[in-house]
Every structure is written in structure tokens, then in C-alpha cells.
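Visitor: final38.tsv is the file, holding TSV, C-alpha atoms:
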chain	number	residue	atom	x	y	z
A	186	MET	CA	23.34	-14.84	-15.26
A	187	THR	CA	20.63	-15.66	-12.77
A	188	LEU	CA	17.74	-13.53	-14.03
A	189	PRO	CA	14.38	-15.23	-14.61
A	190	ASP	CA	12.97	-15.80	-18.10
A	191	THR	CA	10.17	-13.28	-17.51
A	192	LEU	CA	11.04	-9.77	-16.38
A	193	ILE	CA	8.76	-6.86	-15.62
A	194	VAL	CA	10.82	-3.84	-16.68
A	195	GLU	CA	9.84	-0.44	-15.30
A	196	GLN	CA	11.04	3.11	-15.65
A	197	PRO	CA	9.75	6.34	-14.09
A	198	TRP	CA	6.94	7.92	-16.08
A	199	GLY	CA	5.68	11.44	-15.50
A	200	ALA	CA	5.87	15.06	-16.58
A	201	ALA	CA	9.16	15.78	-14.76
A	202	ARG	CA	10.75	12.68	-16.29
A	203	HIS	CA	9.68	13.69	-19.78
A	204	LEU	CA	10.76	17.31	-19.47
A	205	PHE	CA	13.93	17.03	-17.40
A	206	GLY	CA	14.99	13.39	-17.27
A	207	THR	CA	18.42	12.79	-18.76
A	208	ARG	CA	19.72	9.77	-16.84
A	209	PHE	CA	18.70	6.33	-18.07
A	210	GLU	CA	17.39	3.87	-15.51
A	211	THR	CA	15.12	0.86	-15.62
A	212	ARG	CA	14.30	-1.62	-12.87
A	213	ALA	CA	13.42	-5.26	-13.43
A	214	TYR	CA	11.12	-7.34	-11.26
A	215	THR	CA	9.93	-10.93	-11.18
A	216	GLU	CA	6.31	-11.66	-12.06
A	217	GLN	CA	5.65	-11.72	-8.31
A	218	GLY	CA	7.07	-8.19	-7.91
A	219	ALA	CA	10.47	-8.96	-6.34
A	220	PRO	CA	13.24	-6.63	-7.56
A	221	VAL	CA	15.95	-8.48	-9.50
A	222	ALA	CA	18.00	-6.00	-11.55
A	223	VAL	CA	18.71	-2.36	-12.36
A	224	ALA	CA	20.05	-0.95	-15.64
A	225	ALA	CA	21.44	2.58	-15.25
A	226	ASP	CA	24.04	5.04	-16.52
A	227	ARG	CA	27.45	4.13	-15.12
A	228	LYS	CA	28.94	7.61	-15.25
A	229	ARG	CA	27.94	11.19	-14.60
A	230	LEU	CA	26.69	13.04	-17.64
A	231	GLY	CA	28.60	16.06	-18.88
A	232	PRO	CA	26.73	19.28	-19.67
A	233	VAL	CA	26.60	18.71	-23.45
A	234	ARG	CA	25.32	15.14	-23.19
A	235	LYS	CA	22.82	16.23	-20.52
A	236	LEU	CA	21.54	18.96	-22.83
A	237	LEU	CA	21.31	16.61	-25.84
A	238	ARG	CA	19.52	13.96	-23.80
A	239	ALA	CA	16.85	16.52	-22.89
A	240	THR	CA	16.05	16.90	-26.61
A	241	GLY	CA	14.98	14.74	-29.52
A	242	PHE	CA	18.68	13.92	-30.04
A	243	SER	CA	18.79	11.78	-26.90
A	244	GLY	CA	18.74	8.51	-28.81
A	245	ARG	CA	21.83	9.54	-30.76
A	246	THR	CA	23.94	10.26	-27.67
A	247	THR	CA	26.40	7.90	-26.02
A	248	PHE	CA	25.04	5.44	-23.47
A	249	ASP	CA	27.18	3.45	-21.03
A	250	LEU	CA	24.89	1.35	-18.85
A	251	ALA	CA	25.51	-1.27	-16.19
A	252	VAL	CA	23.01	-3.99	-15.38
A	253	SER	CA	23.38	-5.10	-11.79
A	254	GLN	CA	21.66	-7.56	-9.50
A	255	LEU	CA	21.84	-6.80	-5.78
A	256	GLY	CA	24.80	-4.50	-6.43
A	257	GLN	CA	26.71	-7.11	-8.44
A	258	PRO	CA	27.33	-6.20	-12.10
A	259	LEU	CA	25.85	-8.64	-14.63
A	260	LEU	CA	26.16	-6.88	-18.00
A	261	LEU	CA	27.55	-3.73	-19.57
A	262	ILE	CA	25.55	-2.11	-22.38
A	263	ARG	CA	27.22	0.54	-24.56
A	264	LYS	CA	26.07	2.55	-27.54
A	265	GLY	CA	28.19	5.21	-29.18
A	266	PRO	CA	26.97	8.46	-30.75
A	267	GLY	CA	24.72	8.24	-33.79
A	268	LYS	CA	23.27	4.87	-34.80
A	269	PRO	CA	25.96	2.25	-34.15
A	270	PRO	CA	25.17	-1.20	-32.79
A	271	THR	CA	24.46	-1.48	-29.07
A	272	ARG	CA	27.33	-3.54	-27.64
A	273	VAL	CA	26.87	-5.92	-24.72
A	274	SER	CA	29.67	-7.37	-22.60
A	275	ARG	CA	30.27	-9.16	-19.33
A	276	PRO	CA	31.33	-7.01	-16.36
A	277	ASP	CA	34.98	-7.98	-16.98
A	278	GLY	CA	34.74	-6.46	-20.48
A	279	VAL	CA	34.56	-9.72	-22.46
A	280	PRO	CA	32.20	-9.02	-25.39
A	281	LEU	CA	29.02	-11.07	-25.65
A	282	GLY	CA	27.88	-9.45	-28.89
A	283	SER	CA	25.78	-6.58	-30.11
A	284	VAL	CA	22.28	-5.61	-31.15
A	285	VAL	CA	21.52	-3.86	-34.44
A	286	LYS	CA	18.20	-2.26	-35.26
A	287	GLU	CA	17.59	-3.35	-38.85
A	288	SER	CA	14.07	-1.96	-39.19
A	289	ARG	CA	11.27	-0.68	-37.02
A	290	THR	CA	10.53	-4.21	-35.79
A	291	HIS	CA	13.68	-6.23	-36.50
A	292	TYR	CA	16.57	-6.27	-34.05
A	293	ALA	CA	19.43	-8.59	-34.96
A	294	LEU	CA	21.45	-10.22	-32.18
A	295	LEU	CA	25.06	-10.53	-33.31
A	296	ASP	CA	27.94	-12.55	-31.88
A	297	PRO	CA	31.19	-10.74	-30.93
A	298	SER	CA	32.51	-11.09	-34.49
A	299	GLY	CA	29.39	-9.42	-35.94
A	300	ARG	CA	27.64	-12.50	-37.34
A	301	ARG	CA	23.89	-12.71	-36.82
A	302	ILE	CA	22.87	-15.27	-34.21
A	303	CYS	CA	19.14	-14.63	-34.61
A	304	TYR	CA	16.56	-11.89	-34.34
A	305	PHE	CA	15.33	-10.67	-30.96
A	306	GLY	CA	11.80	-11.91	-31.76
A	307	ASP	CA	13.17	-15.43	-32.35
A	308	VAL	CA	14.18	-15.80	-28.69
A	309	ALA	CA	12.04	-13.28	-26.80
A	310	GLY	CA	8.63	-11.68	-26.61
A	311	PHE	CA	8.32	-8.05	-25.54
A	312	THR	CA	5.31	-5.91	-24.68
A	313	GLN	CA	5.97	-2.22	-24.17
A	314	GLY	CA	4.27	0.67	-22.58
A	315	ALA	CA	1.59	-0.09	-20.03
A	316	ILE	CA	1.42	2.82	-17.57
A	317	ALA	CA	1.11	1.52	-14.00
A	318	ARG	CA	1.93	2.42	-10.42
A	319	ARG	CA	4.69	1.12	-8.16
A	320	ASP	CA	5.22	2.53	-4.67
A	321	GLY	CA	2.85	5.42	-5.42
A	322	ARG	CA	4.71	6.52	-8.57
A	323	ARG	CA	3.78	6.23	-12.22
A	324	VAL	CA	5.97	3.90	-14.25
A	325	ARG	CA	6.02	2.58	-17.79
A	326	ARG	CA	5.81	-1.17	-17.43
A	327	ASP	CA	7.26	-3.38	-20.16
A	328	VAL	CA	7.25	-7.18	-20.07
A	329	LEU	CA	10.11	-9.29	-21.42
A	330	HIS	CA	9.69	-13.05	-21.93
A	331	VAL	CA	12.90	-14.86	-22.92
A	332	ARG	CA	12.26	-18.32	-24.33
A	333	PRO	CA	13.32	-20.89	-21.69
A	334	GLY	CA	16.52	-22.65	-22.67
A	335	THR	CA	17.76	-19.84	-24.94
A	336	PRO	CA	21.54	-20.39	-25.15
A	337	GLU	CA	24.17	-17.76	-24.42
A	338	PRO	CA	24.99	-15.22	-25.73
A	339	ALA	CA	21.51	-14.81	-27.29
A	340	ARG	CA	19.88	-14.92	-23.83
A	341	SER	CA	22.06	-12.14	-22.41
A	342	LEU	CA	21.62	-10.05	-25.56
A	343	ALA	CA	17.83	-10.46	-25.37
A	344	ILE	CA	17.84	-9.41	-21.71
A	345	ALA	CA	19.96	-6.37	-22.62
A	346	VAL	CA	17.40	-5.41	-25.29
A	347	GLY	CA	14.56	-5.66	-22.78
A	348	LEU	CA	16.33	-3.67	-20.07
A	349	ALA	CA	17.61	-0.97	-22.44
A	350	PHE	CA	14.91	-1.03	-25.11
A	351	ASP	CA	14.73	2.76	-25.50
A	352	VAL	CA	18.50	2.91	-26.07
A	353	VAL	CA	18.45	0.01	-28.56
A	354	ARG	CA	15.55	1.44	-30.55
A	355	GLY	CA	17.21	4.87	-30.69
A	356	VAL	CA	14.95	6.90	-28.40
A	357	GLY	CA	17.19	7.16	-25.35
A	358	THR	CA	15.57	9.27	-22.62
A	359	ASN	CA	13.34	11.23	-25.01
A	360	HIS	CA	9.80	9.99	-24.54
A	361	THR	CA	7.88	12.63	-26.45
A	362	GLY	CA	7.35	10.62	-29.61
A	363	GLY	CA	7.05	7.17	-31.07
A	364	GLY	CA	4.52	4.51	-30.35
A	365	GLY	CA	4.77	1.29	-28.45
A	366	PHE	CA	5.96	-1.92	-30.03
A	367	ASP	CA	4.91	-5.43	-29.17
A	368	PHE	CA	6.91	-8.45	-30.20
A	369	PRO	CA	4.90	-11.66	-29.89
A	370	ALA	CA	6.03	-14.12	-27.27
A	371	ALA	CA	8.56	-16.54	-28.66
Using C-alpha cells, write down the structure that the file contains.
Guide:
Amino acid sequence: MTLPDTLIVEQPWGAARHLFGTRFETRAYTEQGAPVAVAADRKRLGPVRKLLRATGFSGRTTFDLAVSQLGQPLLLIRKGPGKPPTRVSRPDGVPLGSVVKESRTHYALLDPSGRRICYFGDVAGFTQGAIARRDGRRVRRDVLHVRPGTPEPARSLAIAVGLAFDVVRGVGTNHTGGGGFDFPAA
């Protein structure tokens, strides 16, 4: 994966997004503002999932996201209904591992067999929630710092957490509640 260690992760932020937004999408930029990746729903949403995503149940719906860089897939991020682990794989389907929310501030990164590699905060720092502007639109701007030299698969799992943080923490596309979380830089 060729993504930098520091990513500025943004998602649309506004009244229409909060009231009607059901598709998940974040965009990642370098510190200098160059676009480097997009994480978005891979498939169309059916009417039931669309309805559930417009409610407080959004975080418990199924998510099937693709992370791509310049149109080339880098990672697949999947979460089933309810509160299962968020699974991360390569574009060819080979599993890299999963992420499990163990508490409000502890996210375990697991290898493909389910053994804990480390916690997210051991290999990455994450600051969530600054409201900013990009191209005249309001966005929520998060910052992900992955510790340089973090080995695979922990690095890819940490990037997946940063790009799909609302899915991993169980919020999904529902942004009406919950506060921001900051994980100190690793």
C-alpha cells in the first residue's frame, strides 16, 4: 500500500448529510492537500438498508466498503449486521485481519486467525471531528497518524480504522449523537 503515514480524512458535513445521508464515503488527503484515497460503499443500498441507515440503527447495518487510490482498489472493509468485527482484506479477497471495538476507546487489531496483534492506539494516533471547508463545502476533518515503520497487517488495519472510523465505532452514517474521540499520537 502506498498511502502516507499521515492522512487527513474528510467526509461531507451538513444538514442534508445528517438528515438524508445513507451512503458512506470518506476522502483522504496528504498533509499538503493532495487527494490520495477514497473509502466508499461498493454496492447500491437496498430500500431497507437505506431506511435503517437514515436512523440511529445505521451503525448496526451491513457495510461493504472499498478503499481505492486513483481508481485502483487497495483494501476492502466489511462489517456485518449488529456488532461483529470489522473485517479488512486485500482487493483479491485475502484477509488481512479485523478490528474489534473492545470499549469506548480500545480497538483491537486482530490477525486473520483472530489473535490480537495490538491495539489501534499502539500503532496510530487519531484526532476526530474538526469541522472545516474544502472546495466551498463543510467537511468533518479527522487526522490519522500511523507510526512510521508499522509492519503489515497492523498498518493496513490502522488505515482501515482511520478511513472507516464511524463504521468501526458503530455509528455508521448516523451523526446525530456521540462525541469525538482523540487517540494520542503513537
Visitor: Identify the residues within 12 Å of coordinate (24.3, -6.3, -4.5) (same frame as the file), considering only C-alpha atoms, and give the answer as an MDAnalysis selection string.
Guide: chainID A and resid 220:223 252:259
Visitor: Can you spit out the residues from that selection as a compact mmCIF listing (two decimals), keeping the file's coordinate frame, using C-alpha atoms?
Guide:
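Output below, filename result16.txt:
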# COMPACT_ATOMS: atom_id res chain seq x y z
CA PRO A 220 13.24 -6.63 -7.56
CA VAL A 221 15.95 -8.48 -9.50
CA ALA A 222 18.00 -6.00 -11.55
CA VAL A 223 18.71 -2.36 -12.36
CA VAL A 252 23.01 -3.99 -15.38
CA SER A 253 23.38 -5.10 -11.79
CA GLN A 254 21.66 -7.56 -9.50
CA LEU A 255 21.84 -6.80 -5.78
CA GLY A 256 24.80 -4.50 -6.43
CA GLN A 257 26.71 -7.11 -8.44
CA PRO A 258 27.33 -6.20 -12.10
CA LEU A 259 25.85 -8.64 -14.63
Visitor: With all atoms listed in the file as the basis for distance, which of A:Arg354, A:Arg318, A:Arg275, A:Arg340 is at the shortest distance from Arg289 in chain A?
Guide: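 Once distances to Arg289 in chain A are computed over all atoms listed in the file, the minimum belongs to A:Arg354.
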Visitor: Given the choices A:Leu329, A:Val356, A:Phe350, A:Ser341, which gets closest to Tyr292 in chain A if the distance is worked out from all atoms listed in the file?
Guide: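 Closest residue, counting all atoms listed in the file: A:Phe350.
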Visitor: Which of these, A:Val279, A:Val273, A:Val331, A:Leu294, has the shortest distance to Leu260 in chain A once you count only C-alpha atoms?
Guide: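 Checking each of A:Val279, A:Val273, A:Val331, A:Leu294 against Leu260 in chain A, counting only C-alpha atoms, the winner is A:Val273.
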Visitor: Edge lengths and centre in Å to one decimal, as lines of an AutoDock Vina configuration file, of the axis-aligned box that encloses all listed atoms of range 337-345 of chain A with 6 Å added on every side?
Guide:
center_x = 21.4
center_y = -12.1
center_z = -24.5
size_x = 19.2
size_y = 23.4
size_z = 17.6
Visitor: Measure the distance from CA of Gln196 in chain A to CA of Asp320 in chain A in Å and round it to one decimal.
Guide: 12.4 Å
Visitor: Using all atoms listed in the file, determine which residues lie at most 8 Å from Ser283 in chain A, disregarding the query and same-chain residues fewer than 5 positions distant; provide the list as a PDB file with C-alpha atoms, in the coordinates of the input.
Guide:
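Generated file (around03.pdb):
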ATOM      1  CA  PRO A 270      25.170  -1.200 -32.790  1.00  0.00           C
ATOM      2  CA  THR A 271      24.460  -1.480 -29.070  1.00  0.00           C
ATOM      3  CA  ARG A 272      27.330  -3.540 -27.640  1.00  0.00           C
ATOM      4  CA  VAL A 273      26.870  -5.920 -24.720  1.00  0.00           C
ATOM      5  CA  LEU A 294      21.450 -10.220 -32.180  1.00  0.00           C
ATOM      6  CA  LEU A 295      25.060 -10.530 -33.310  1.00  0.00           C
ATOM      7  CA  ASP A 296      27.940 -12.550 -31.880  1.00  0.00           C
ATOM      8  CA  PRO A 297      31.190 -10.740 -30.930  1.00  0.00           C
ATOM      9  CA  GLY A 299      29.390  -9.420 -35.940  1.00  0.00           C
ATOM     10  CA  LEU A 342      21.620 -10.050 -25.560  1.00  0.00           C
TER      11      LEU A 342
END
Visitor: Do you have the CA of Val284 in chain A-CA of Val346 in chain A distance handy?
Guide: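 Those two atoms sit 7.6 Å apart.
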Visitor: Please, what distance in Å, to one decimal, runs between CA of Asp226 in chain A and CA of Asp327 in chain A?
Guide: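 Atom-to-atom, CA of Asp226 in chain A and CA of Asp327 in chain A are spaced 19.1 Å apart.
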Visitor: Which is closest to Ala213 in chain A among A:Ala225, A:Arg325, A:Phe311, A:Glu195, if we use all atoms listed in the file?
Guide: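 Using all atoms listed in the file, the shortest distance to Ala213 in chain A belongs to A:Glu195.
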Visitor: Looking at only C-alpha atoms, which of A:Glu287, A:Glu210, A:Asp190, A:Asp351 is the one that sits closest to Ala251 in chain A?
Guide: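 Selected residue with least distance to Ala251 in chain A: A:Glu210.
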